[in-house]
Structures are given as structure tokens and as C-alpha cells.
>>> print(open('structure-v6.pdb').read())   # PDB, C-alpha atoms, pLDDT in the B column
ATOM      1  CA  MET A   1       0.000   0.000   0.000  1.00 92.00           C
ATOM      2  CA  LYS A   2       1.504   3.310  -1.116  1.00 97.00           C
ATOM      3  CA  ILE A   3       0.926   6.532   0.821  1.00 97.00           C
ATOM      4  CA  TYR A   4       1.036  10.120  -0.409  1.00 98.00           C
ATOM      5  CA  GLY A   5       0.087  13.227   1.492  1.00 97.00           C
ATOM      6  CA  VAL A   6      -1.622  16.483   0.650  1.00 97.00           C
ATOM      7  CA  THR A   7      -0.541  19.142   3.098  1.00 97.00           C
ATOM      8  CA  GLY A   8      -0.681  22.893   3.472  1.00 95.00           C
ATOM      9  CA  TRP A   9      -2.069  25.639   5.631  1.00 94.00           C
ATOM     10  CA  LYS A  10      -5.775  26.165   6.308  1.00 92.00           C
ATOM     11  CA  ASN A  11      -7.809  27.395   3.308  1.00 93.00           C
ATOM     12  CA  CYS A  12      -5.081  26.547   0.808  1.00 95.00           C
ATOM     13  CA  GLY A  13      -6.994  23.943  -1.207  1.00 96.00           C
ATOM     14  CA  LYS A  14      -6.128  20.623   0.444  1.00 95.00           C
ATOM     15  CA  THR A  15      -9.646  19.172   0.422  1.00 95.00           C
ATOM     16  CA  GLY A  16     -10.358  20.313  -3.129  1.00 96.00           C
ATOM     17  CA  LEU A  17      -7.126  18.743  -4.329  1.00 97.00           C
ATOM     18  CA  MET A  18      -7.880  15.531  -2.413  1.00 96.00           C
ATOM     19  CA  GLU A  19     -11.304  15.327  -4.025  1.00 97.00           C
ATOM     20  CA  GLY A  20      -9.841  15.924  -7.485  1.00 97.00           C
ATOM     21  CA  LEU A  21      -7.064  13.380  -6.971  1.00 98.00           C
ATOM     22  CA  VAL A  22      -9.414  10.671  -5.741  1.00 97.00           C
ATOM     23  CA  ALA A  23     -11.636  11.177  -8.790  1.00 97.00           C
ATOM     24  CA  GLU A  24      -8.669  11.257 -11.189  1.00 98.00           C
ATOM     25  CA  VAL A  25      -6.753   8.297  -9.760  1.00 98.00           C
ATOM     26  CA  THR A  26      -9.835   6.060  -9.416  1.00 98.00           C
ATOM     27  CA  SER A  27     -10.843   6.917 -12.989  1.00 98.00           C
ATOM     28  CA  ARG A  28      -7.518   5.366 -14.027  1.00 98.00           C
ATOM     29  CA  GLY A  29      -8.465   2.087 -12.358  1.00 97.00           C
ATOM     30  CA  TYR A  30      -6.536   2.411  -9.086  1.00 98.00           C
ATOM     31  CA  ARG A  31      -8.115   1.617  -5.728  1.00 97.00           C
ATOM     32  CA  VAL A  32      -7.808   4.623  -3.402  1.00 97.00           C
ATOM     33  CA  SER A  33      -8.554   5.244   0.259  1.00 96.00           C
ATOM     34  CA  THR A  34      -8.182   8.501   2.147  1.00 96.00           C
ATOM     35  CA  VAL A  35      -7.202   9.618   5.622  1.00 94.00           C
ATOM     36  CA  LYS A  36      -8.158  13.056   6.922  1.00 91.00           C
ATOM     37  CA  HIS A  37      -6.480  14.424  10.043  1.00 86.00           C
ATOM     38  CA  ALA A  38      -8.584  16.822  12.083  1.00 78.00           C
ATOM     39  CA  HIS A  39      -7.033  19.144  14.666  1.00 68.00           C
ATOM     40  CA  HIS A  40     -10.329  19.489  16.481  1.00 65.00           C
ATOM     41  CA  SER A  41     -13.063  17.284  17.805  1.00 66.00           C
ATOM     42  CA  PHE A  42     -15.459  15.962  15.184  1.00 64.00           C
ATOM     43  CA  ASP A  43     -18.490  13.743  15.094  1.00 68.00           C
ATOM     44  CA  VAL A  44     -19.621  11.493  12.266  1.00 73.00           C
ATOM     45  CA  ASP A  45     -22.742  10.593  14.172  1.00 74.00           C
ATOM     46  CA  GLN A  46     -25.966  12.520  14.767  1.00 77.00           C
ATOM     47  CA  SER A  47     -27.250  13.436  18.171  1.00 84.00           C
ATOM     48  CA  GLY A  48     -30.193  11.313  19.240  1.00 82.00           C
ATOM     49  CA  ARG A  49     -29.525   8.447  16.818  1.00 83.00           C
ATOM     50  CA  ASP A  50     -29.120   4.954  18.278  1.00 86.00           C
ATOM     51  CA  SER A  51     -25.380   4.740  17.542  1.00 85.00           C
ATOM     52  CA  TYR A  52     -24.830   8.185  19.090  1.00 86.00           C
ATOM     53  CA  ARG A  53     -26.704   7.075  22.184  1.00 87.00           C
ATOM     54  CA  HIS A  54     -24.500   3.952  22.405  1.00 90.00           C
ATOM     55  CA  ARG A  55     -21.348   6.103  22.385  1.00 85.00           C
ATOM     56  CA  GLU A  56     -22.797   8.594  24.850  1.00 85.00           C
ATOM     57  CA  ALA A  57     -23.634   5.699  27.168  1.00 87.00           C
ATOM     58  CA  GLY A  58     -19.916   4.810  27.229  1.00 85.00           C
ATOM     59  CA  ALA A  59     -19.298   2.266  24.462  1.00 85.00           C
ATOM     60  CA  GLN A  60     -15.616   2.157  23.465  1.00 89.00           C
ATOM     61  CA  GLU A  61     -16.517   1.253  19.872  1.00 85.00           C
ATOM     62  CA  VAL A  62     -19.731   1.360  17.887  1.00 88.00           C
ATOM     63  CA  LEU A  63     -19.978  -0.533  14.597  1.00 85.00           C
ATOM     64  CA  LEU A  64     -22.764   0.831  12.415  1.00 87.00           C
ATOM     65  CA  ILE A  65     -23.783  -1.420   9.509  1.00 86.00           C
ATOM     66  CA  SER A  66     -26.293  -1.083   6.692  1.00 86.00           C
ATOM     67  CA  GLY A  67     -26.782  -2.597   3.257  1.00 91.00           C
ATOM     68  CA  SER A  68     -24.711   0.230   1.743  1.00 91.00           C
ATOM     69  CA  ARG A  69     -21.791   0.797   4.138  1.00 88.00           C
ATOM     70  CA  TRP A  70     -20.354   0.267   7.567  1.00 88.00           C
ATOM     71  CA  ALA A  71     -18.562   2.622   9.921  1.00 87.00           C
ATOM     72  CA  LEU A  72     -16.570   1.918  13.054  1.00 87.00           C
ATOM     73  CA  MET A  73     -16.468   4.710  15.609  1.00 85.00           C
ATOM     74  CA  HIS A  74     -13.843   4.381  18.319  1.00 89.00           C
ATOM     75  CA  GLU A  75     -13.821   6.684  21.320  1.00 87.00           C
ATOM     76  CA  LEU A  76     -10.377   7.532  22.690  1.00 88.00           C
ATOM     77  CA  ARG A  77     -11.871   8.407  26.076  1.00 88.00           C
ATOM     78  CA  GLY A  78      -8.793  10.391  27.124  1.00 87.00           C
ATOM     79  CA  ALA A  79      -6.182   8.167  25.469  1.00 90.00           C
ATOM     80  CA  GLU A  80      -3.549   9.726  23.210  1.00 92.00           C
ATOM     81  CA  GLU A  81      -4.301  10.165  19.517  1.00 89.00           C
ATOM     82  CA  PRO A  82      -2.919   7.064  17.772  1.00 91.00           C
ATOM     83  CA  PRO A  83      -0.076   7.550  15.284  1.00 93.00           C
ATOM     84  CA  LEU A  84      -0.808   7.561  11.561  1.00 93.00           C
ATOM     85  CA  ALA A  85       1.114   4.305  11.003  1.00 94.00           C
ATOM     86  CA  GLU A  86      -1.142   2.492  13.463  1.00 93.00           C
ATOM     87  CA  MET A  87      -4.292   3.885  11.884  1.00 92.00           C
ATOM     88  CA  LEU A  88      -3.181   2.883   8.379  1.00 94.00           C
ATOM     89  CA  THR A  89      -3.204  -0.763   9.498  1.00 93.00           C
ATOM     90  CA  LYS A  90      -6.982  -0.465   9.942  1.00 92.00           C
ATOM     91  CA  LEU A  91      -7.526   0.213   6.213  1.00 93.00           C
ATOM     92  CA  SER A  92      -8.200  -2.464   3.628  1.00 93.00           C
ATOM     93  CA  ASP A  93      -5.430  -3.013   1.105  1.00 96.00           C
ATOM     94  CA  VAL A  94      -5.593  -0.519  -1.779  1.00 96.00           C
ATOM     95  CA  ASP A  95      -3.180   0.819  -4.373  1.00 97.00           C
ATOM     96  CA  LEU A  96      -2.924   4.290  -2.857  1.00 97.00           C
ATOM     97  CA  VAL A  97      -3.826   5.999   0.398  1.00 97.00           C
ATOM     98  CA  LEU A  98      -4.078   9.762   0.098  1.00 97.00           C
ATOM     99  CA  VAL A  99      -3.514  11.492   3.438  1.00 96.00           C
ATOM    100  CA  GLU A 100      -4.818  15.004   4.100  1.00 95.00           C
ATOM    101  CA  GLY A 101      -2.930  16.758   6.852  1.00 87.00           C
ATOM    102  CA  TYR A 102      -0.227  15.138   8.978  1.00 90.00           C
ATOM    103  CA  LYS A 103       2.328  17.800   8.014  1.00 89.00           C
ATOM    104  CA  ARG A 104       5.044  16.387  10.236  1.00 90.00           C
ATOM    105  CA  GLU A 105       4.844  12.723   9.186  1.00 94.00           C
ATOM    106  CA  PRO A 106       7.685  11.377   6.977  1.00 95.00           C
ATOM    107  CA  HIS A 107       5.602  10.156   3.996  1.00 97.00           C
ATOM    108  CA  PRO A 108       5.949  11.975   0.638  1.00 98.00           C
ATOM    109  CA  LYS A 109       3.618  14.938   0.179  1.00 98.00           C
ATOM    110  CA  ILE A 110       2.454  17.637  -2.167  1.00 98.00           C
ATOM    111  CA  GLU A 111       1.849  21.063  -0.645  1.00 98.00           C
ATOM    112  CA  THR A 112      -1.148  23.177  -1.598  1.00 98.00           C
ATOM    113  CA  HIS A 113      -0.691  26.936  -1.621  1.00 97.00           C
ATOM    114  CA  ARG A 114      -3.021  29.870  -2.218  1.00 97.00           C
ATOM    115  CA  ALA A 115      -1.595  33.382  -2.346  1.00 95.00           C
ATOM    116  CA  ALA A 116      -4.678  34.834  -0.616  1.00 95.00           C
ATOM    117  CA  ALA A 117      -3.996  32.745   2.505  1.00 94.00           C
ATOM    118  CA  GLY A 118      -0.823  34.761   3.100  1.00 94.00           C
ATOM    119  CA  GLN A 119       1.103  31.801   4.506  1.00 94.00           C
ATOM    120  CA  PRO A 120       4.739  30.939   3.798  1.00 93.00           C
ATOM    121  CA  LEU A 121       5.606  27.764   1.934  1.00 95.00           C
ATOM    122  CA  ILE A 122       6.153  24.705   4.097  1.00 95.00           C
ATOM    123  CA  ALA A 123       8.217  23.120   1.307  1.00 95.00           C
ATOM    124  CA  THR A 124      11.190  25.444   1.800  1.00 93.00           C
ATOM    125  CA  ALA A 125      12.012  23.671   5.081  1.00 94.00           C
ATOM    126  CA  ASP A 126      10.506  20.213   4.479  1.00 96.00           C
ATOM    127  CA  GLN A 127      12.105  17.744   2.081  1.00 95.00           C
ATOM    128  CA  THR A 128       9.189  15.289   2.392  1.00 97.00           C
ATOM    129  CA  ILE A 129       7.260  17.727   0.202  1.00 98.00           C
ATOM    130  CA  ARG A 130       8.001  16.548  -3.326  1.00 98.00           C
ATOM    131  CA  ALA A 131       5.993  19.149  -5.257  1.00 98.00           C
ATOM    132  CA  LEU A 132       3.865  22.257  -4.917  1.00 98.00           C
ATOM    133  CA  ALA A 133       0.305  22.814  -6.176  1.00 98.00           C
ATOM    134  CA  SER A 134      -0.348  26.559  -6.298  1.00 97.00           C
ATOM    135  CA  ASP A 135      -2.778  29.148  -7.604  1.00 97.00           C
ATOM    136  CA  GLN A 136       0.227  31.253  -8.635  1.00 96.00           C
ATOM    137  CA  PRO A 137       2.543  30.683 -11.603  1.00 94.00           C
ATOM    138  CA  ALA A 138       5.771  28.781 -10.934  1.00 93.00           C
ATOM    139  CA  GLU A 139       7.835  31.970 -11.311  1.00 93.00           C
ATOM    140  CA  ALA A 140       6.175  33.425  -8.199  1.00 93.00           C
ATOM    141  CA  HIS A 141       7.866  30.771  -6.047  1.00 93.00           C
ATOM    142  CA  GLY A 142      11.431  31.166  -7.292  1.00 89.00           C
ATOM    143  CA  ASP A 143      13.670  28.126  -7.600  1.00 90.00           C
ATOM    144  CA  LEU A 144      12.001  25.700  -5.223  1.00 92.00           C
ATOM    145  CA  GLY A 145      13.921  22.746  -6.669  1.00 94.00           C
ATOM    146  CA  ARG A 146      10.715  20.750  -6.996  1.00 96.00           C
ATOM    147  CA  PRO A 147       7.912  20.619  -9.559  1.00 97.00           C
ATOM    148  CA  ILE A 148       5.221  23.279  -9.292  1.00 97.00           C
ATOM    149  CA  PHE A 149       1.736  22.492 -10.604  1.00 98.00           C
ATOM    150  CA  ASP A 150      -1.399  24.510 -11.101  1.00 97.00           C
ATOM    151  CA  LEU A 151      -3.588  23.745  -8.083  1.00 98.00           C
ATOM    152  CA  ASN A 152      -6.451  22.685 -10.354  1.00 97.00           C
ATOM    153  CA  ASP A 153      -4.439  20.465 -12.722  1.00 98.00           C
ATOM    154  CA  HIS A 154      -5.521  17.212 -11.113  1.00 98.00           C
ATOM    155  CA  ASP A 155      -4.467  15.154 -14.139  1.00 98.00           C
ATOM    156  CA  ALA A 156      -0.835  16.333 -14.025  1.00 98.00           C
ATOM    157  CA  ILE A 157      -0.649  16.111 -10.230  1.00 98.00           C
ATOM    158  CA  ALA A 158      -2.088  12.568 -10.234  1.00 98.00           C
ATOM    159  CA  THR A 159       0.416  11.512 -12.902  1.00 98.00           C
ATOM    160  CA  PHE A 160       3.275  12.998 -10.857  1.00 98.00           C
ATOM    161  CA  ILE A 161       2.180  11.202  -7.678  1.00 98.00           C
ATOM    162  CA  LEU A 162       1.647   7.838  -9.403  1.00 98.00           C
ATOM    163  CA  GLN A 163       5.056   8.108 -11.079  1.00 98.00           C
ATOM    164  CA  ASP A 164       6.752   9.277  -7.882  1.00 98.00           C
ATOM    165  CA  LEU A 165       5.426   6.182  -6.089  1.00 98.00           C
ATOM    166  CA  GLY A 166       6.336   3.813  -8.939  1.00 97.00           C
ATOM    167  CA  LEU A 167       2.698   2.952  -9.630  1.00 97.00           C
ATOM    168  CA  MET A 168       2.948   4.285 -13.185  1.00 94.00           C
ATOM    169  CA  PRO A 169       5.901   4.326 -15.567  1.00 90.00           C
ATOM    170  CA  THR A 170       7.656   7.643 -16.153  1.00 84.00           C
TER     171      THR A 170
END
>>> encode(input="structure-v6.pdb", output="C-alpha cells")
Amino acid sequence: MKIYGVTGWKNCGKTGLMEGLVAEVTSRGYRVSTVKHAHHSFDVDQSGRDSYRHREAGAQEVLLISGSRWALMHELRGAEEPPLAEMLTKLSDVDLVLVEGYKREPHPKIETHRAAAGQPLIATADQTIRALASDQPAEAHGDLGRPIFDLNDHDAIATFILQDLGLMPT
């Protein structure tokens, strides 16, 4: 299972790029899963529903199953957030796992950048970032020493990632 990250500051296009990459890579016949890191509390369940009530009652895990999908919710209940490597073992085997967030993990990444966000590039100090996807032309970033793609060129970015991971010939 190959892993590639999409990283960047808030409001720089990470989720849009993830969505575009999933669509592009799956359209080429690859099996893709995603991981999204959240820096805040989140809930995939709805208040008042049976599964929500199970969790609120103290269940460590709730497995919700229907004819269309299943979801496993695990409450940490004060335990430390598990590392990415541990969580990846919970995924079914696929060709590619795209990871949104996890800036500091050692897997290869592409950084998203929007000029309007006013944030500096992470890539200048992080060699795990293999390329940049930006809403500015390449010239605006100087000699970064890595490829720079248009943020919306999902085809070219997908090709780069698949080639970088050895899933597609160069």
C-alpha cells in the first residue's frame, strides 16, 4: 500500500485537491482510500440516533452497519491520539492511500498553496514535500527545486504522484 500526502495551511486547497485526486486516480483504475487528520473534535454521528446514544452511554466502539456501508467509531476516552502508522493498518489493502494533513509525518507529500492565505511555503524547510500545487505561476515561487503544478491540474498532479510512487511508468 503506497501513501502520499496532501498538506498545506488552512484554506489553501487541500480538500479540493484531495477530491480531485481521488476522482482522477480512481478513474484510471486504481483503488484509493483517504485519511483526513482533524485538529479538532469531530463527530460522524448525529445526536439522538441509536449509535450516538451507544457512544454517549460509554461504548468504546460502535460498529454501524447497513446494506450500503459500515462505519466503526472508536472513542479515545482520554487516550492519546494514535499515530498515523497504526491507523493505516486499519484500512483495507488498496493501491494508494491519500492522506490530508499530517504535516510532520515522513511520507511523501504535495503542498497546496493559495496566495490569498498569506502563509509561507512549508516546502522550503521540508524535504518530504516533493511538489507544490499553487494558484500562482511557478515563477512566483522562485527556484524551489521541486515541480510546481497549477492547483487545479488534477491530471498532471495525479500523474506525478503515481510516477513518484512507482505505480505508473515515467
>>> residues_around(input="structure-v6.pdb", residues="Ala116 of chain A", least_positions_apart="2", cutoff="9 Å", atoms="all atoms listed in the file", output="ChimeraX atom specification")
/A:11-12,113-114,118-119
>>> resolve_selection(input="structure-v6.pdb", expression="the PyMOL selection byres ((chain A and resi 108-110) around 10)", output="PyMOL selection string")
chain A and resi 2-8+14+17+98-103+105-107+111-113+123+126-133+147-149+157+160-161+164-165
>>> resolve_selection(input="structure-v6.pdb", expression="the PyMOL selection byres ((chain A and resi 21-30) around 10)", output="PyMOL selection string")
chain A and resi 6+15-20+31-34+94-98+152-159+161-162+167
>>> atom_distance(input="structure-v6.pdb", atom1="atom CA of Glu56 of chain A", atom2="atom CA of Leu91 of chain A")
25.5 Å
>>> atom_distance(input="structure-v6.pdb", atom1="atom CA of Ala138 of chain A", atom2="atom CA of Thr170 of chain A")
21.9 Å
>>> residues_around(input="structure-v6.pdb", residues="segment 73-76 of chain A", least_positions_apart="4", cutoff="8 Å", atoms="only C-alpha atoms", output="mmCIF file with C-alpha atoms, keeping the file's coordinate frame")
data_model
loop_
_atom_site.group_PDB
_atom_site.id
_atom_site.type_symbol
_atom_site.label_atom_id
_atom_site.label_comp_id
_atom_site.auth_asym_id
_atom_site.auth_seq_id
_atom_site.Cartn_x
_atom_site.Cartn_y
_atom_site.Cartn_z
ATOM 1 C CA ARG A 55 -21.348 6.103 22.385
ATOM 2 C CA ALA A 59 -19.298 2.266 24.462
ATOM 3 C CA GLN A 60 -15.616 2.157 23.465
ATOM 4 C CA GLU A 61 -16.517 1.253 19.872
ATOM 5 C CA VAL A 62 -19.731 1.360 17.887
ATOM 6 C CA LEU A 63 -19.978 -0.533 14.597
ATOM 7 C CA GLU A 80 -3.549 9.726 23.210
ATOM 8 C CA GLU A 81 -4.301 10.165 19.517
#
>>> atom_distance(input="structure-v6.pdb", atom1="atom CA of Ala115 of chain A", atom2="atom CA of Gln163 of chain A")
27.6 Å
>>> residues_around(input="structure-v6.pdb", residues="Val44 of chain A", least_positions_apart="3", cutoff="10 Å", atoms="only C-alpha atoms", output="number ranges by chain")
A: 47, 52, 71, 73
